[in-house]
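Notes follow once the structure below has been shown.
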Amino acid sequence: MLYDTLEIMSGANAPQDDSSKVWYLQRNRFFTGSVDGEIEANAHIFTVVSYPRRTRIFDQGDPTRLVYFIKRGTVRVARLTEDGKEVTVAVLGPGDMFGVESLFVSAGRTTVAVAIDDVLLCTAKADALFGMLRSDPQLGINVAKILSDRLGDAASAMQDLAYARVPERLIGLFRRLAAEHGTPVEGGTRIDVRLTHAEIASLIGSTRETVSLEMAGLVKSGHCRMEGRRVVLSDAPR
C-alpha cells in the first residue's frame with residue numbers, strides 16, 4: 001500500500017514553472033537527441049513531485065500508469081518473491097527513469113519502487129509520453145538503450161550470484177554504484193547512496209549478517225572505508 005506522504009512541490013523549494021522542468025528534462029537520458037522544441041512543447045504533461053526518504057513510490061501490482069524521471073535523490077527498484085521477500089534489482093539516481101514498462105503494457109506493476117532518500121521526480125502519464133515516442137523516433141531508440149543497459153546490469157548481477165564469493169559480489173556492487181553514484185574524494189570514490197546492510201544483501205543475494213561481517217573484512221583489508229554511513233571505494237586497496 002502506498003504511503004500517504006506524497007507532497008506536490010511548489011514555491012522556492014521546487015519550482016513548477018515550465019522553464020525549470022524543461023531545463024531538467026533536457027538533461028535526462030530519455031531526451032538525448034530529441035527534436036528541437038519538443039520538450040518545451042510538451043512540458044505541460046510533466047508534474048514535479050517529491051517523496052520523503054523510505055517512502056514507497058509504487059507497489060507491485062499497482063495499476064497506476066506513470067513514468068518517473070529522477071531529478072534528485074536515489075530510488076531502489078525491487079521485485080517481490082512469492083514468500084514476500086524483496087529482491088533489489090536496481091538503484092537509480094538523477095538522470096535515470098523508471099516505470100518504463102507502463103509505456104508498453106497496461107498490466108499492474110511488476111516491481112516495487114522505494115525512495116532511498118528524499119527524492120524529487122518528474123512524472124508523466126504513460127499515454128501522454130507514448131505520444132511523444134510516436135512523434136520522435138529518437139525517443140524510442142533512447143528507451144531501447146535504457147532497457148538494454150538494465151538487462152546488461154541484470155546479467156552481470158546474475159553472473160556474480162552464480163560464480164562470485166560474497167566479498168567479490170560486494171566489491172562488484174560497490175564498483176557499479178561508484179560509477180553511477182560516486183563522487184571523487186581523497187584516496188577513492190565516495191558512493192553517494194545510503195544503503196542499509198539488508199538492502200545491500202538484497203542486491204547481492206546474501207544475508208544482512210554476512211554483509212556486515214564481509215564489509216568489516218573489506219574495510220580491514222583497505223578495499224574500502226566508511227565516511228559516516230557512506231562507503232568510500234579505495235583507489236588502491238592493500
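By convention in this document, the chains of the C-alpha cells carry letters A, B, ... by their order, each chain's residues are numbered from 1, and ligands are numbered from 1 in the order they are shown.
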
Item to check | Nearby residues (only C-alpha atoms) at most 10 Å from Val166 of chain A, same-chain spacing under 4 positions excluded, as a ChimeraX atom specification | outcome: /A:160-161,170-172,201,204-207,210-211,214-215

Same residues, N, CA and C atoms, saved as a JSON list (two decimals), in the first residue's frame:
[["chain", "number", "residue", "atom", "x", "y", "z"],
["A", 160, "ASP", "N", 27.50, -12.70, -11.12],
["A", 160, "ASP", "CA", 28.13, -12.60, -9.81],
["A", 160, "ASP", "C", 27.49, -13.57, -8.82],
["A", 161, "LEU", "N", 26.17, -13.64, -8.84],
["A", 161, "LEU", "CA", 25.46, -14.52, -7.92],
["A", 161, "LEU", "C", 25.83, -15.97, -8.16],
["A", 170, "LEU", "N", 30.35, -7.99, -3.26],
["A", 170, "LEU", "CA", 30.31, -6.67, -2.63],
["A", 170, "LEU", "C", 31.16, -5.67, -3.40],
["A", 171, "ILE", "N", 32.39, -6.06, -3.73],
["A", 171, "ILE", "CA", 33.27, -5.17, -4.47],
["A", 171, "ILE", "C", 32.66, -4.85, -5.83],
["A", 172, "GLY", "N", 32.10, -5.86, -6.51],
["A", 172, "GLY", "CA", 31.46, -5.61, -7.79],
["A", 172, "GLY", "C", 30.31, -4.63, -7.68],
["A", 201, "ALA", "N", 22.46, -6.65, 1.06],
["A", 201, "ALA", "CA", 22.29, -8.11, 0.98],
["A", 201, "ALA", "C", 21.28, -8.48, -0.09],
["A", 204, "ILE", "N", 22.94, -8.40, -3.56],
["A", 204, "ILE", "CA", 23.97, -9.39, -3.91],
["A", 204, "ILE", "C", 23.58, -10.82, -3.55],
["A", 205, "GLY", "N", 22.33, -11.01, -3.11],
["A", 205, "GLY", "CA", 21.88, -12.37, -2.81],
["A", 205, "GLY", "C", 22.54, -12.97, -1.59],
["A", 206, "SER", "N", 22.60, -12.20, -0.50],
["A", 206, "SER", "CA", 23.23, -12.68, 0.72],
["A", 206, "SER", "C", 22.32, -12.35, 1.90],
["A", 207, "THR", "N", 22.87, -12.37, 3.09],
["A", 207, "THR", "CA", 22.12, -12.02, 4.29],
["A", 207, "THR", "C", 22.72, -10.78, 4.94],
["A", 210, "THR", "N", 25.83, -11.63, 7.02],
["A", 210, "THR", "CA", 27.03, -11.92, 6.21],
["A", 210, "THR", "C", 27.60, -10.64, 5.63],
["A", 211, "VAL", "N", 26.73, -9.76, 5.16],
["A", 211, "VAL", "CA", 27.20, -8.48, 4.60],
["A", 211, "VAL", "C", 27.94, -7.68, 5.66],
["A", 214, "GLU", "N", 31.40, -9.33, 6.13],
["A", 214, "GLU", "CA", 32.30, -9.19, 4.98],
["A", 214, "GLU", "C", 32.70, -7.73, 4.75],
["A", 215, "MET", "N", 31.79, -6.79, 5.01],
["A", 215, "MET", "CA", 32.16, -5.38, 4.87],
["A", 215, "MET", "C", 33.24, -5.00, 5.87]]

Using only C-alpha atoms, find each residue of segment 155-185 of chain A with at least one atom at most 12 Å away from an atom of segment 63-74 of chain A; report its shortest atom-to-atom pair and that distance in Å (one decimal), sort the rows by chain and rising residue number, and return the result as JSON lines.
{"residue": "A:Leu177", "atom": "CA", "partner": "A:Thr74", "partner_atom": "CA", "distance": 11.2}
{"residue": "A:Glu180", "atom": "CA", "partner": "A:Thr74", "partner_atom": "CA", "distance": 10.8}
{"residue": "A:His181", "atom": "CA", "partner": "A:Thr74", "partner_atom": "CA", "distance": 8.9}

Each residue of segment 128-224 of chain A lying at most 12 Å from segment 29-34 of chain A should get a row with its shortest atom-to-atom pair and the distance in Å to one decimal, counting only C-alpha atoms; could you produce that, ordered by chain and increasing number, as JSON lines?
{"residue": "A:Leu129", "atom": "CA", "partner": "A:Phe30", "partner_atom": "CA", "distance": 10.8}
{"residue": "A:Met132", "atom": "CA", "partner": "A:Ser34", "partner_atom": "CA", "distance": 9.8}
{"residue": "A:Leu133", "atom": "CA", "partner": "A:Ser34", "partner_atom": "CA", "distance": 9.9}
{"residue": "A:Ser135", "atom": "CA", "partner": "A:Ser34", "partner_atom": "CA", "distance": 10.1}
{"residue": "A:Asp136", "atom": "CA", "partner": "A:Ser34", "partner_atom": "CA", "distance": 6.9}
{"residue": "A:Pro137", "atom": "CA", "partner": "A:Ser34", "partner_atom": "CA", "distance": 8.6}
{"residue": "A:Gln138", "atom": "CA", "partner": "A:Ser34", "partner_atom": "CA", "distance": 6.1}
{"residue": "A:Leu139", "atom": "CA", "partner": "A:Phe31", "partner_atom": "CA", "distance": 6.3}
{"residue": "A:Gly140", "atom": "CA", "partner": "A:Phe30", "partner_atom": "CA", "distance": 8.6}
{"residue": "A:Ile141", "atom": "CA", "partner": "A:Phe30", "partner_atom": "CA", "distance": 9.0}
{"residue": "A:Asn142", "atom": "CA", "partner": "A:Phe30", "partner_atom": "CA", "distance": 5.5}
{"residue": "A:Val143", "atom": "CA", "partner": "A:Phe30", "partner_atom": "CA", "distance": 6.4}
{"residue": "A:Ala144", "atom": "CA", "partner": "A:Phe30", "partner_atom": "CA", "distance": 9.8}
{"residue": "A:Lys145", "atom": "CA", "partner": "A:Phe30", "partner_atom": "CA", "distance": 9.2}
{"residue": "A:Ile146", "atom": "CA", "partner": "A:Phe30", "partner_atom": "CA", "distance": 8.0}
{"residue": "A:Leu147", "atom": "CA", "partner": "A:Phe30", "partner_atom": "CA", "distance": 11.0}
{"residue": "A:Asp149", "atom": "CA", "partner": "A:Arg29", "partner_atom": "CA", "distance": 11.8}

Checklist entry - What residues in segment 5-232 of chain A get the DSSP label alpha helix (DSSP H)? Please answer as a ChimeraX atom specification. => result /A:18-25,38-41,126-135,137-163,166-181,197-204,208-221

Item to check | Contacts of segment 192-199 of chain A within 12 Å, only C-alpha atoms, excl. fewer than 6 positions in-chain, as a PyMOL selection string | outcome: chain A and resi 53-54+72-78+85-94+114-119+170+173-174+176-185+205-216+226-233

Item to check | DSSP-assigned strand (DSSP E) members of segment 172-219 of chain A, reported as a list in words | outcome: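 Here are the strand (DSSP E) residues of segment 172-219 of chain A: Gly182, Thr183, Pro184, Val185, Gly188, Thr189, Arg190 and Ile191 of chain A.
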
For the selection you just gave me, I'd like the residues written to a file as a PDB file, in the first residue's frame, keeping C-alpha atoms.
ATOM      1  CA  GLY A 182      30.093   8.233  -6.994  1.00  0.00           C
ATOM      2  CA  THR A 183      31.961  11.406  -6.051  1.00  0.00           C
ATOM      3  CA  PRO A 184      35.787  11.501  -6.208  1.00  0.00           C
ATOM      4  CA  VAL A 185      37.360  12.087  -2.792  1.00  0.00           C
ATOM      5  CA  GLY A 188      38.924   6.859  -3.620  1.00  0.00           C
ATOM      6  CA  THR A 189      35.329   7.352  -4.685  1.00  0.00           C
ATOM      7  CA  ARG A 190      32.530   8.023  -2.213  1.00  0.00           C
ATOM      8  CA  ILE A 191      29.262   6.248  -3.038  1.00  0.00           C
TER       9      ILE A 191
END

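Among A:Leu218, A:Gly131, A:Cys122, A:Ser106, the residue with the shortest atom-to-atom distance to Glu38 of chain A, counting only C-alpha atoms, is A:Gly131.
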
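One distance worth recording is that between atom CA of Ala41 of chain A and atom CA of Phe130 of chain A, which is 14.6 Å.
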
Checklist entry - Skipping near chain neighbours, those fewer than 2 positions away, what residues fall within 8 Å of Ser234 of chain A using only C-alpha atoms, listed as a VMD selection string? => result chain A and resid 187 to 189 222 to 225 232 236 to 237

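Residue neighbourhood of Ile45 of chain A, excluding near-sequence residues (fewer than 3 positions): Asn42, Thr123, Ala124, Lys125, Ala128 and Leu129 of chain A, at 9 Å, using only C-alpha atoms.
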
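Shortest separation to Arg79 of chain A among A:Ser156, A:Asn28, A:Gln60, A:Thr55 occurs at residue A:Gln60, atoms counted being only C-alpha atoms.
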
Item to check | Separation of atom CA of Val100 of chain A from atom CA of Asp127 of chain A in Å | outcome: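 These two atoms are separated by 11.5 Å.
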